[in-house]
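So this block is protein_3.txt, compact mmCIF, C-alpha atoms:
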# COMPACT_ATOMS: atom_id res chain seq x y z
CA MET A 1243 -6.95 7.00 -22.35
CA ASP A 1244 -3.74 9.02 -21.81
CA ASN A 1245 -4.57 10.25 -18.33
CA GLU A 1246 -5.80 6.97 -16.95
CA LEU A 1247 -3.63 5.53 -14.23
CA LEU A 1248 -3.61 1.77 -13.75
CA ILE A 1249 -3.10 0.84 -10.10
CA PHE A 1250 -2.70 -2.73 -8.86
CA LEU A 1251 -3.74 -3.34 -5.24
CA VAL A 1252 -2.05 -6.45 -3.91
CA ASP A 1253 -3.20 -7.52 -0.46
CA ASP A 1254 -4.58 -10.68 1.12
CA ASP A 1255 -6.71 -8.66 3.55
CA PRO A 1256 -10.08 -8.20 1.77
CA MET A 1257 -11.25 -5.57 4.22
CA HIS A 1258 -8.24 -3.34 3.71
CA THR A 1259 -8.47 -3.80 -0.07
CA GLN A 1260 -12.16 -2.84 -0.05
CA MET A 1261 -11.50 0.23 2.09
CA LEU A 1262 -8.63 1.33 -0.14
CA LYS A 1263 -10.74 0.79 -3.27
CA ASP A 1264 -13.57 2.85 -1.77
CA HIS A 1265 -11.11 5.59 -0.85
CA LEU A 1266 -9.43 5.74 -4.26
CA THR A 1267 -12.48 5.37 -6.54
CA LYS A 1268 -13.31 9.03 -5.93
CA PHE A 1269 -10.52 9.75 -8.43
CA SER A 1270 -12.07 8.86 -11.77
CA ARG A 1271 -8.71 8.63 -13.56
CA PHE A 1272 -7.57 5.78 -11.31
CA LYS A 1273 -8.27 2.35 -12.76
CA LEU A 1274 -7.98 -0.11 -9.89
CA LYS A 1275 -7.40 -3.84 -10.04
CA ASP A 1276 -7.00 -5.94 -6.91
CA PHE A 1277 -5.21 -9.23 -6.37
CA PRO A 1278 -4.97 -11.38 -3.20
CA THR A 1279 -1.43 -12.57 -3.96
CA GLY A 1280 1.67 -11.22 -5.63
CA GLU A 1281 1.69 -14.19 -7.99
CA ASP A 1282 -1.81 -13.24 -9.21
CA ALA A 1283 -0.68 -9.65 -9.78
CA MET A 1284 2.46 -10.76 -11.64
CA ALA A 1285 0.30 -12.95 -13.91
CA HIS A 1286 -1.36 -9.69 -15.08
CA ILE A 1287 1.82 -7.60 -15.19
CA SER A 1288 1.73 -7.37 -19.00
CA GLU A 1289 -1.04 -4.79 -18.45
CA LYS A 1290 1.81 -2.53 -17.27
CA PRO A 1291 0.41 -0.96 -14.11
CA ASP A 1292 1.69 2.54 -13.38
CA ILE A 1293 1.62 1.90 -9.65
CA MET A 1294 1.49 -1.21 -7.49
CA ILE A 1295 0.32 -0.92 -3.88
CA LEU A 1296 1.88 -4.00 -2.40
CA ASP A 1297 1.44 -5.52 1.04
CA TYR A 1298 4.65 -6.65 2.71
CA ASN A 1299 3.00 -9.75 4.22
CA LEU A 1300 1.06 -11.69 1.63
CA ASN A 1301 0.96 -15.15 3.16
CA SER A 1302 -1.60 -14.89 5.95
CA VAL A 1303 -4.27 -16.64 3.86
CA LYS A 1304 -2.16 -18.71 1.49
CA ARG A 1305 0.87 -19.71 3.54
CA GLU A 1306 2.79 -20.74 0.43
CA ALA A 1307 2.25 -17.33 -1.27
CA LYS A 1308 5.34 -15.22 -1.92
CA GLU A 1309 6.05 -12.34 0.46
CA GLY A 1310 5.67 -8.77 -0.79
CA ILE A 1311 9.41 -8.11 -0.74
CA ASP A 1312 10.01 -11.03 -3.16
CA ILE A 1313 7.32 -9.69 -5.49
CA LEU A 1314 8.93 -6.22 -5.27
CA ILE A 1315 12.34 -7.61 -6.29
CA ASP A 1316 10.79 -9.62 -9.12
CA LEU A 1317 8.75 -6.65 -10.38
CA LYS A 1318 11.64 -4.17 -10.28
CA GLU A 1319 13.82 -6.58 -12.27
CA LYS A 1320 11.22 -6.96 -15.01
CA TYR A 1321 9.29 -3.65 -14.91
CA PRO A 1322 11.41 -0.97 -13.21
CA ASN A 1323 9.04 1.78 -14.34
CA THR A 1324 6.17 0.57 -12.16
CA ASP A 1325 6.25 2.57 -8.94
CA VAL A 1326 5.62 0.55 -5.80
CA ILE A 1327 4.04 1.72 -2.56
CA MET A 1328 4.76 -0.88 0.07
CA LEU A 1329 2.25 -1.49 2.85
CA SER A 1330 2.76 -3.15 6.18
CA GLY A 1331 1.35 -3.42 9.65
CA GLN A 1332 4.96 -3.29 10.88
CA ASP A 1333 6.32 0.08 11.93
CA LYS A 1334 9.90 -1.18 11.93
CA ILE A 1335 12.47 1.10 10.31
CA GLU A 1336 14.53 -1.84 9.00
CA ILE A 1337 11.57 -3.07 6.95
CA ALA A 1338 11.07 0.40 5.49
CA VAL A 1339 14.79 0.65 4.64
CA ASP A 1340 14.73 -2.81 3.08
CA THR A 1341 11.79 -2.01 0.81
CA MET A 1342 13.34 1.28 -0.32
CA LYS A 1343 16.63 -0.53 -1.01
CA TYR A 1344 14.81 -2.84 -3.40
CA GLY A 1345 13.21 0.08 -5.22
CA ALA A 1346 9.90 0.85 -3.51
CA TYR A 1347 8.90 4.49 -3.85
CA ASP A 1348 7.47 4.69 -0.35
CA TYR A 1349 6.46 2.64 2.66
CA VAL A 1350 3.10 3.13 4.35
CA ILE A 1351 2.09 1.65 7.70
CA LYS A 1352 -1.40 0.13 7.73
CA ASN A 1353 -3.28 2.18 10.25
CA GLN A 1354 -6.04 4.77 10.26
CA SER A 1355 -3.94 7.34 8.39
CA ALA A 1356 -2.82 4.85 5.71
CA PHE A 1357 -5.53 5.76 3.20
CA LEU A 1358 -4.68 9.46 3.11
CA ARG A 1359 -0.98 8.70 3.05
CA ILE A 1360 -1.42 6.36 0.08
CA GLU A 1361 -3.44 9.01 -1.73
CA HIS A 1362 -0.72 11.63 -1.14
CA THR A 1363 1.98 9.20 -2.20
CA ILE A 1364 0.17 8.49 -5.48
CA PHE A 1365 0.03 12.20 -6.23
CA ASN A 1366 3.72 12.56 -5.34
CA ILE A 1367 4.50 9.77 -7.81
CA LEU A 1368 2.48 11.56 -10.50
CA LYS A 1369 4.37 14.79 -9.78
CA LYS A 1370 7.72 12.98 -9.92
CA ASN A 1371 6.79 11.31 -13.24
CA ARG A 1372 5.69 14.66 -14.72
CA LEU A 1373 8.99 16.29 -13.69
CA GLU A 1374 10.93 13.37 -15.18
CA ARG A 1375 9.00 13.74 -18.46
CA GLU A 1376 9.64 17.50 -18.52
CA THR A 1377 13.35 16.98 -17.83
CA ARG A 1378 13.54 14.49 -20.70
CA THR A 1379 11.78 16.99 -23.02
CA TYR A 1380 14.15 19.83 -22.03
CA LYS A 1381 17.18 17.57 -22.58
CA THR A 1382 15.90 16.63 -26.05
CA LEU A 1383 15.28 20.29 -26.90
CA ALA A 1384 18.77 21.23 -25.69
CA VAL A 1385 20.31 18.56 -27.95
CA VAL A 1386 18.22 19.72 -30.94
CA PHE A 1387 19.26 23.36 -30.40
CA ALA A 1388 22.92 22.35 -30.01
CA ILE A 1389 22.79 20.42 -33.32
CA LEU A 1390 21.07 23.34 -35.07
CA PHE A 1391 23.72 25.72 -33.73
CA ILE A 1392 26.62 23.52 -34.87
CA VAL A 1393 25.09 23.01 -38.33
CA SER A 1394 24.52 26.80 -38.66
CA LEU A 1395 28.09 27.51 -37.53
CA PHE A 1396 29.53 25.07 -40.07
CA GLY A 1397 27.33 26.59 -42.77
CA PHE A 1398 28.55 30.05 -41.82
CA ILE A 1399 32.24 29.01 -41.89
CA LEU A 1400 31.77 27.22 -45.21
CA ALA A 1401 30.00 30.21 -46.75
CA ASP A 1402 32.80 32.46 -45.48
CA GLN A 1403 35.55 30.23 -46.93
CA MET A 1404 33.77 30.12 -50.27
CA GLY A 1405 33.71 33.94 -50.27
CA TRP A 1406 29.93 33.91 -50.47
CA LEU A 1407 29.56 36.25 -47.49
CA THR A 1408 31.85 38.96 -49.02
CA LYS A 1409 29.84 38.76 -52.24
CA HIS A 1410 26.49 38.93 -50.35
CA PRO A 1411 27.16 40.82 -47.04
CA SER A 1412 23.44 41.48 -46.54
CA ALA A 1413 22.95 37.69 -46.00
CA ILE A 1414 24.69 37.96 -42.59
CA ILE A 1415 21.85 40.08 -41.34
CA MET B 866 -24.19 -3.13 26.32
CA SER B 867 -24.75 -2.76 30.05
CA SER B 868 -23.53 0.37 31.83
CA THR B 869 -20.88 -1.63 33.70
CA GLU B 870 -19.50 -3.23 30.54
CA GLU B 871 -16.35 -1.69 29.13
CA ASN B 872 -16.73 -0.02 25.75
CA LEU B 873 -14.18 -1.77 23.54
CA ILE B 874 -15.00 -0.19 20.21
CA ASP B 875 -14.68 3.32 18.91
CA MET B 876 -16.51 4.00 15.66
CA SER B 877 -15.13 7.50 15.13
CA PHE B 878 -12.57 6.48 12.46
CA LEU B 879 -15.09 4.37 10.53
CA ARG B 880 -17.66 7.15 10.76
CA SER B 881 -15.21 9.71 9.42
CA PHE B 882 -13.80 7.34 6.76
CA THR B 883 -17.25 6.53 5.36
CA GLY B 884 -18.59 10.07 5.74
CA ASP B 885 -21.14 8.63 8.19
CA ASN B 886 -22.46 6.31 5.50
CA LYS B 887 -24.32 3.60 7.42
CA GLU B 888 -24.32 1.16 4.52
CA LYS B 889 -20.55 1.35 4.13
CA MET B 890 -19.98 1.16 7.88
CA SER B 891 -22.14 -1.97 8.06
CA ARG B 892 -20.24 -3.49 5.15
CA TYR B 893 -16.87 -3.01 6.84
CA ILE B 894 -18.11 -4.25 10.21
CA ASN B 895 -19.60 -7.30 8.52
CA MET B 896 -16.36 -7.99 6.68
CA PHE B 897 -14.48 -7.81 9.99
CA LEU B 898 -16.97 -10.07 11.74
CA GLN B 899 -16.71 -12.59 8.90
CA THR B 900 -12.93 -12.85 9.00
CA ALA B 901 -11.72 -11.93 12.50
CA PRO B 902 -13.24 -14.87 14.45
CA ALA B 903 -11.45 -17.32 12.15
CA GLN B 904 -8.20 -15.39 12.59
CA LEU B 905 -8.70 -15.50 16.34
CA ASP B 906 -9.28 -19.28 16.18
CA ASN B 907 -6.11 -19.54 14.17
CA ILE B 908 -4.15 -17.65 16.81
CA GLU B 909 -5.32 -20.15 19.44
CA LYS B 910 -4.71 -23.14 17.20
CA THR B 911 -1.18 -22.13 16.21
CA LEU B 912 -0.33 -21.36 19.84
CA ARG B 913 -1.48 -24.85 20.85
CA SER B 914 0.53 -26.46 18.07
CA GLY B 915 3.61 -24.33 18.78
CA ASP B 916 3.66 -22.96 15.24
CA PHE B 917 4.96 -19.56 16.26
CA ASP B 918 5.58 -18.28 12.76
CA SER B 919 1.92 -18.86 11.80
CA LEU B 920 0.89 -17.34 15.11
CA ARG B 921 2.91 -14.23 14.28
CA VAL B 922 1.35 -14.01 10.80
CA SER B 923 -2.22 -14.34 12.18
CA ALA B 924 -1.62 -11.72 14.87
CA HIS B 925 0.00 -9.43 12.33
CA SER B 926 -2.91 -9.63 9.90
CA LEU B 927 -5.43 -8.75 12.61
CA LYS B 928 -3.56 -5.63 13.69
CA PRO B 929 -4.77 -3.11 11.06
CA GLN B 930 -8.34 -4.38 11.31
CA LEU B 931 -8.38 -3.69 15.06
CA SER B 932 -7.25 -0.17 14.29
CA TYR B 933 -10.06 0.39 11.75
CA MET B 934 -12.70 -1.02 14.12
CA GLY B 935 -11.41 1.22 16.91
CA ILE B 936 -10.55 -1.71 19.20
CA LYS B 937 -7.71 0.38 20.57
CA SER B 938 -7.20 -1.40 23.88
CA GLN B 939 -6.24 -4.61 22.05
CA GLU B 940 -3.77 -3.09 19.59
CA PRO B 941 -0.80 -3.21 21.99
CA VAL B 942 -1.82 -6.74 23.03
CA VAL B 943 -1.85 -8.09 19.47
CA ARG B 944 1.46 -6.32 18.82
CA MET B 945 2.92 -8.07 21.88
CA ILE B 946 1.62 -11.46 20.68
CA GLU B 947 3.17 -10.81 17.27
CA ASP B 948 6.52 -9.78 18.78
CA TYR B 949 6.72 -12.63 21.29
CA ALA B 950 5.80 -15.21 18.62
CA GLY B 951 8.02 -13.66 15.95
CA ASN B 952 11.08 -13.40 18.19
CA GLN B 953 10.18 -16.49 20.22
CA VAL B 954 10.58 -14.64 23.50
CA ASN B 955 8.34 -14.75 26.61
CA ILE B 956 6.65 -17.82 25.14
CA ASP B 957 5.43 -18.75 28.64
CA GLN B 958 3.39 -15.53 28.72
CA LEU B 959 1.66 -16.19 25.41
CA PRO B 960 -1.16 -18.52 26.64
CA ALA B 961 -2.45 -15.95 29.16
CA LEU B 962 -1.99 -13.12 26.67
CA VAL B 963 -3.90 -14.96 23.95
CA SER B 964 -6.62 -16.02 26.37
CA ASN B 965 -7.21 -12.43 27.55
CA PHE B 966 -7.04 -11.20 23.97
CA LYS B 967 -9.66 -13.74 22.93
CA SER B 968 -12.06 -12.72 25.74
CA SER B 969 -11.69 -9.03 24.94
CA LEU B 970 -12.06 -9.55 21.21
CA GLU B 971 -15.15 -11.72 21.63
CA ALA B 972 -16.69 -8.95 23.75
CA ALA B 973 -15.75 -6.46 21.00
CA PHE B 974 -17.44 -8.72 18.41
CA GLU B 975 -20.63 -8.55 20.49
CA GLN B 976 -20.43 -4.78 20.68
CA LEU B 977 -19.90 -4.59 16.92
CA ARG B 978 -22.97 -6.80 16.36
CA ALA B 979 -24.95 -4.39 18.53
CA GLU B 980 -23.55 -1.50 16.49
CA LEU B 981 -24.72 -3.25 13.32
CA ASP B 982 -28.24 -3.40 14.74
CA LEU B 983 -28.12 0.32 15.45
CA LEU B 984 -26.98 0.99 11.89
CA LYS B 985 -30.00 -0.81 10.39
Mind turning the file's structure into structure tokens?
Amino acid sequence: MDNELLIFLVDDDPMHTQMLKDHLTKFSRFKLKDFPTGEDAMAHISEKPDIMILDYNLNSVKREAKEGIDILIDLKEKYPNTDVIMLSGQDKIEIAVDTMKYGAYDYVIKNQSAFLRIEHTIFNILKKNRLERETRTYKTLAVVFAILFIVSLFGFILADQMGWLTKHPSAII
Amino acid sequence: MSSTEENLIDMSFLRSFTGDNKEKMSRYINMFLQTAPAQLDNIEKTLRSGDFDSLRVSAHSLKPQLSYMGIKSQEPVVRMIEDYAGNQVNIDQLPALVSNFKSSLEAAFEQLRAELDLLK
């Protein structure tokens, strides 16, 4: 389905994942898949998620699991088009700056307002993607019109040099 | 809960988040009660063993859950435990901090169990 949006939820906190799933399932176009580790999510990355909601700390259950920032770097190298919303219980500015530096779209602190903020961020991503698509379409149209104009101009010059326009002046109109 | 006992939980966020859906509220409270005691044990265990990085991780992972369960009084405490363990500062204060945190959280667990009964 064209309008379906595949969202990966990557978090080792089952309660937060469940709450986020419950909050986002009210949007029927969102197809949600959850994973307790970044490695699990990356094993399914060929499904090309549109958005990944990724926890910064992913090793509270499996201590050997990769941290969210490492998964972000890995993902952005392989699939730069997947937008990432980074989650963390840390309200430290340096963590937010770090995640943005590695290509996260936004950083959301896990607290009571997190669910609404994530929802708004998803819609901002959709808006951004729509604008990018529209810009690409306008650029393509501009190129097509430029080519048509150049071809017409050459045709006109050629017709003029061949004296065709003086023989058929009504063709100019 | 007796009248002299401090109220440690505030269900207003959960009520608003679930649209006052008792089934959903019970599910979240149950999920918290299934995982939080083990995380609390882990905080104590890692403190005893001096594994401050694991202590920081356990404290960190409890933090959002305390917010959702409305255990507001313990949010700054768990943040302090996380900071002290993460930066390895004020280590001497950690045993008392963790001990008080444990007592308060266990009381909050009891209050949440009572809340579950009310939701039935």
Near chain A, 10 Å: chain B residue rows, closest pairs, all atoms listed in the file, as a Markdown table:
| residue | atom | partner | partner_atom | distance |
| --- | --- | --- | --- | --- |
| B:Phe878 | CA | A:Gln1354 | CA | 7.1 |
| B:Leu879 | CA | A:Gln1354 | CA | 9.1 |
| B:Phe882 | CA | A:His1265 | CA | 8.3 |
| B:Thr883 | CA | A:His1265 | CA | 8.8 |
| B:Lys889 | CA | A:Asp1264 | CA | 9.3 |
| B:Arg892 | CA | A:Met1257 | CA | 9.3 |
| B:Tyr893 | CA | A:Met1257 | CA | 6.7 |
| B:Ile894 | CA | A:Met1257 | CA | 9.2 |
| B:Asn895 | CA | A:Met1257 | CA | 9.6 |
| B:Met896 | CA | A:Met1257 | CA | 6.2 |
| B:Phe897 | CA | A:Met1257 | CA | 7.0 |
| B:Thr900 | CA | A:Met1257 | CA | 8.9 |
| B:Gln904 | CA | A:Ser1302 | CA | 9.4 |
| B:Ser919 | CA | A:Ser1302 | CA | 7.9 |
| B:Leu920 | CA | A:Ser1302 | CA | 9.8 |
| B:Arg921 | CA | A:Ser1302 | CA | 9.5 |
| B:Val922 | CA | A:Ser1302 | CA | 5.7 |
| B:Ser923 | CA | A:Ser1302 | CA | 6.3 |
| B:Ala924 | CA | A:Ser1302 | CA | 9.5 |
| B:His925 | CA | A:Gly1331 | CA | 6.7 |
| B:Ser926 | CA | A:Ser1302 | CA | 6.7 |
| B:Leu927 | CA | A:Gly1331 | CA | 9.1 |
| B:Lys928 | CA | A:Gly1331 | CA | 6.7 |
| B:Pro929 | CA | A:Asn1353 | CA | 5.6 |
| B:Gln930 | CA | A:His1258 | CA | 7.7 |
| B:Leu931 | CA | A:Asn1353 | CA | 9.1 |
| B:Ser932 | CA | A:Asn1353 | CA | 6.1 |
| B:Tyr933 | CA | A:Gln1354 | CA | 6.1 |
| B:Met934 | CA | A:Gln1354 | CA | 9.6 |
| B:Gly935 | CA | A:Gln1354 | CA | 9.3 |
| B:Arg944 | CA | A:Gln1332 | CA | 9.2 |
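You will find atom CA of Pro1322 of chain A at 16.7 Å from atom CA of Asp1340 of chain A.
Using only C-alpha atoms for every distance, the candidate list A:Phe1269, A:Leu1274, A:Ile1249, A:Ala1307 yields A:Ile1249 as the residue closest to Met1294 of chain A.
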Take every atom of segment 1263-1276 of chain A listed in the file, pad by 6 Å on each side, and give me the axis-aligned box centre and edge lengths in Å, one decimal, as lines of an AutoDock Vina configuration file.
center_x = -10.3
center_y = 1.9
center_z = -7.2
size_x = 18.6
size_y = 27.7
size_z = 24.7
From the list B:Val943, B:Ala903, B:Leu898, B:Ile936, which residue is nearest Asn965 of chain B when using only C-alpha atoms? B:Val943
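Between atom CA of Phe1391 of chain A and atom CA of Lys1409 of chain A the interatomic distance comes to 23.5 Å.
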Polymer residues at most 9 Å from Thr1259 of chain A, all atoms listed in the file, same-chain spacing of 5 or more positions, as a PyMOL selection string: chain A and resi 1251-1254+1264+1276-1278
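Atom pair atom CA of Glu940 of chain B / atom CA of Val1339 of chain A: separated by 24.1 Å.
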Close residues, segment 958-964 of chain B itself excluded, 12 Å, only C-alpha atoms, min 3 positions apart in chain, as a ChimeraX atom specification: /B:905-915,917,920-921,923-924,939,941-951,953-955,967-971
Selection file, C-alpha atoms, as a compact mmCIF listing (two decimals), in the coordinates of the input:
# COMPACT_ATOMS: atom_id res chain seq x y z
CA LEU B 905 -8.70 -15.50 16.34
CA ASP B 906 -9.28 -19.28 16.18
CA ASN B 907 -6.11 -19.54 14.17
CA ILE B 908 -4.15 -17.65 16.81
CA GLU B 909 -5.32 -20.15 19.44
CA LYS B 910 -4.71 -23.14 17.20
CA THR B 911 -1.18 -22.13 16.21
CA LEU B 912 -0.33 -21.36 19.84
CA ARG B 913 -1.48 -24.85 20.85
CA SER B 914 0.53 -26.46 18.07
CA GLY B 915 3.61 -24.33 18.78
CA PHE B 917 4.96 -19.56 16.26
CA LEU B 920 0.89 -17.34 15.11
CA ARG B 921 2.91 -14.23 14.28
CA SER B 923 -2.22 -14.34 12.18
CA ALA B 924 -1.62 -11.72 14.87
CA GLN B 939 -6.24 -4.61 22.05
CA PRO B 941 -0.80 -3.21 21.99
CA VAL B 942 -1.82 -6.74 23.03
CA VAL B 943 -1.85 -8.09 19.47
CA ARG B 944 1.46 -6.32 18.82
CA MET B 945 2.92 -8.07 21.88
CA ILE B 946 1.62 -11.46 20.68
CA GLU B 947 3.17 -10.81 17.27
CA ASP B 948 6.52 -9.78 18.78
CA TYR B 949 6.72 -12.63 21.29
CA ALA B 950 5.80 -15.21 18.62
CA GLY B 951 8.02 -13.66 15.95
CA GLN B 953 10.18 -16.49 20.22
CA VAL B 954 10.58 -14.64 23.50
CA ASN B 955 8.34 -14.75 26.61
CA LYS B 967 -9.66 -13.74 22.93
CA SER B 968 -12.06 -12.72 25.74
CA SER B 969 -11.69 -9.03 24.94
CA LEU B 970 -12.06 -9.55 21.21
CA GLU B 971 -15.15 -11.72 21.63
Would you mind telling me which residue in A:Tyr1344, A:Phe1398, A:Tyr1349, A:Phe1272 lies nearest to Ile1315 of chain A when using only C-alpha atoms? A:Tyr1344
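Distance check against Ile1367 of chain A using only C-alpha atoms: of A:Leu1262, A:Met1342, A:Leu1400, A:Leu1247, the minimum falls on A:Leu1247.
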Counting only C-alpha atoms, I want the residues whose atoms come within 12 Å of (-12.4, 9.7, -14.0) in the file frame, returned as a PDB file with C-alpha atoms, in the coordinates of the input.
ATOM      1  CA  MET A1243      -6.950   7.000 -22.350  1.00  0.00           C
ATOM      2  CA  ASP A1244      -3.740   9.020 -21.810  1.00  0.00           C
ATOM      3  CA  ASN A1245      -4.570  10.250 -18.330  1.00  0.00           C
ATOM      4  CA  GLU A1246      -5.800   6.970 -16.950  1.00  0.00           C
ATOM      5  CA  LEU A1247      -3.630   5.530 -14.230  1.00  0.00           C
ATOM      6  CA  LEU A1248      -3.610   1.770 -13.750  1.00  0.00           C
ATOM      7  CA  LEU A1266      -9.430   5.740  -4.260  1.00  0.00           C
ATOM      8  CA  THR A1267     -12.480   5.370  -6.540  1.00  0.00           C
ATOM      9  CA  LYS A1268     -13.310   9.030  -5.930  1.00  0.00           C
ATOM     10  CA  PHE A1269     -10.520   9.750  -8.430  1.00  0.00           C
ATOM     11  CA  SER A1270     -12.070   8.860 -11.770  1.00  0.00           C
ATOM     12  CA  ARG A1271      -8.710   8.630 -13.560  1.00  0.00           C
ATOM     13  CA  PHE A1272      -7.570   5.780 -11.310  1.00  0.00           C
ATOM     14  CA  LYS A1273      -8.270   2.350 -12.760  1.00  0.00           C
ATOM     15  CA  LEU A1274      -7.980  -0.110  -9.890  1.00  0.00           C
TER      16      LEU A1274
END
May I have the residues within 12 Å of Asp1312 of chain A as a list of chain:residue names, using all atoms listed in the file and disregarding those fewer than 3 positions away in the same chain? A:Thr1279, A:Gly1280, A:Glu1281, A:Met1284, A:Leu1296, A:Asp1297, A:Tyr1298, A:Asn1299, A:Leu1300, A:Asn1301, A:Ala1307, A:Lys1308, A:Glu1309, A:Ile1315, A:Asp1316, A:Leu1317, A:Lys1318, A:Glu1319, A:Met1328, A:Asp1340, A:Thr1341, A:Tyr1344, A:Gly1345, A:Ala1346
Fill-in result for segment 950-961 of chain B, N, CA and C atoms as an mmCIF file, in the coordinates of the input:
data_model
loop_
_atom_site.group_PDB
_atom_site.id
_atom_site.type_symbol
_atom_site.label_atom_id
_atom_site.label_comp_id
_atom_site.auth_asym_id
_atom_site.auth_seq_id
_atom_site.Cartn_x
_atom_site.Cartn_y
_atom_site.Cartn_z
ATOM 1 N N ALA B 950 5.799 -14.031 19.512
ATOM 2 C CA ALA B 950 5.800 -15.210 18.620
ATOM 3 C C ALA B 950 6.898 -15.089 17.573
ATOM 4 N N GLY B 951 7.041 -13.872 17.013
ATOM 5 C CA GLY B 951 8.020 -13.660 15.950
ATOM 6 C C GLY B 951 9.447 -13.835 16.441
ATOM 7 N N ASN B 952 9.706 -13.316 17.651
ATOM 8 C CA ASN B 952 11.080 -13.400 18.190
ATOM 9 C C ASN B 952 11.267 -14.599 19.116
ATOM 10 N N GLN B 953 10.185 -15.336 19.314
ATOM 11 C CA GLN B 953 10.180 -16.490 20.220
ATOM 12 C C GLN B 953 10.751 -16.120 21.596
ATOM 13 N N VAL B 954 10.203 -15.047 22.135
ATOM 14 C CA VAL B 954 10.580 -14.640 23.500
ATOM 15 C C VAL B 954 9.313 -14.623 24.355
ATOM 16 N N ASN B 955 9.472 -14.759 25.655
ATOM 17 C CA ASN B 955 8.340 -14.750 26.610
ATOM 18 C C ASN B 955 7.230 -15.722 26.183
ATOM 19 N N ILE B 956 7.625 -16.833 25.631
ATOM 20 C CA ILE B 956 6.650 -17.820 25.140
ATOM 21 C C ILE B 956 5.709 -18.249 26.282
ATOM 22 N N ASP B 957 6.248 -18.315 27.505
ATOM 23 C CA ASP B 957 5.430 -18.750 28.640
ATOM 24 C C ASP B 957 4.285 -17.771 28.933
ATOM 25 N N GLN B 958 4.444 -16.525 28.467
ATOM 26 C CA GLN B 958 3.390 -15.530 28.720
ATOM 27 C C GLN B 958 2.297 -15.560 27.638
ATOM 28 N N LEU B 959 2.595 -16.220 26.545
ATOM 29 C CA LEU B 959 1.660 -16.190 25.410
ATOM 30 C C LEU B 959 0.279 -16.795 25.720
ATOM 31 N N PRO B 960 0.189 -17.964 26.409
ATOM 32 C CA PRO B 960 -1.160 -18.520 26.640
ATOM 33 C C PRO B 960 -2.092 -17.554 27.367
ATOM 34 N N ALA B 961 -1.602 -16.896 28.412
ATOM 35 C CA ALA B 961 -2.450 -15.950 29.160
ATOM 36 C C ALA B 961 -2.792 -14.743 28.297
#
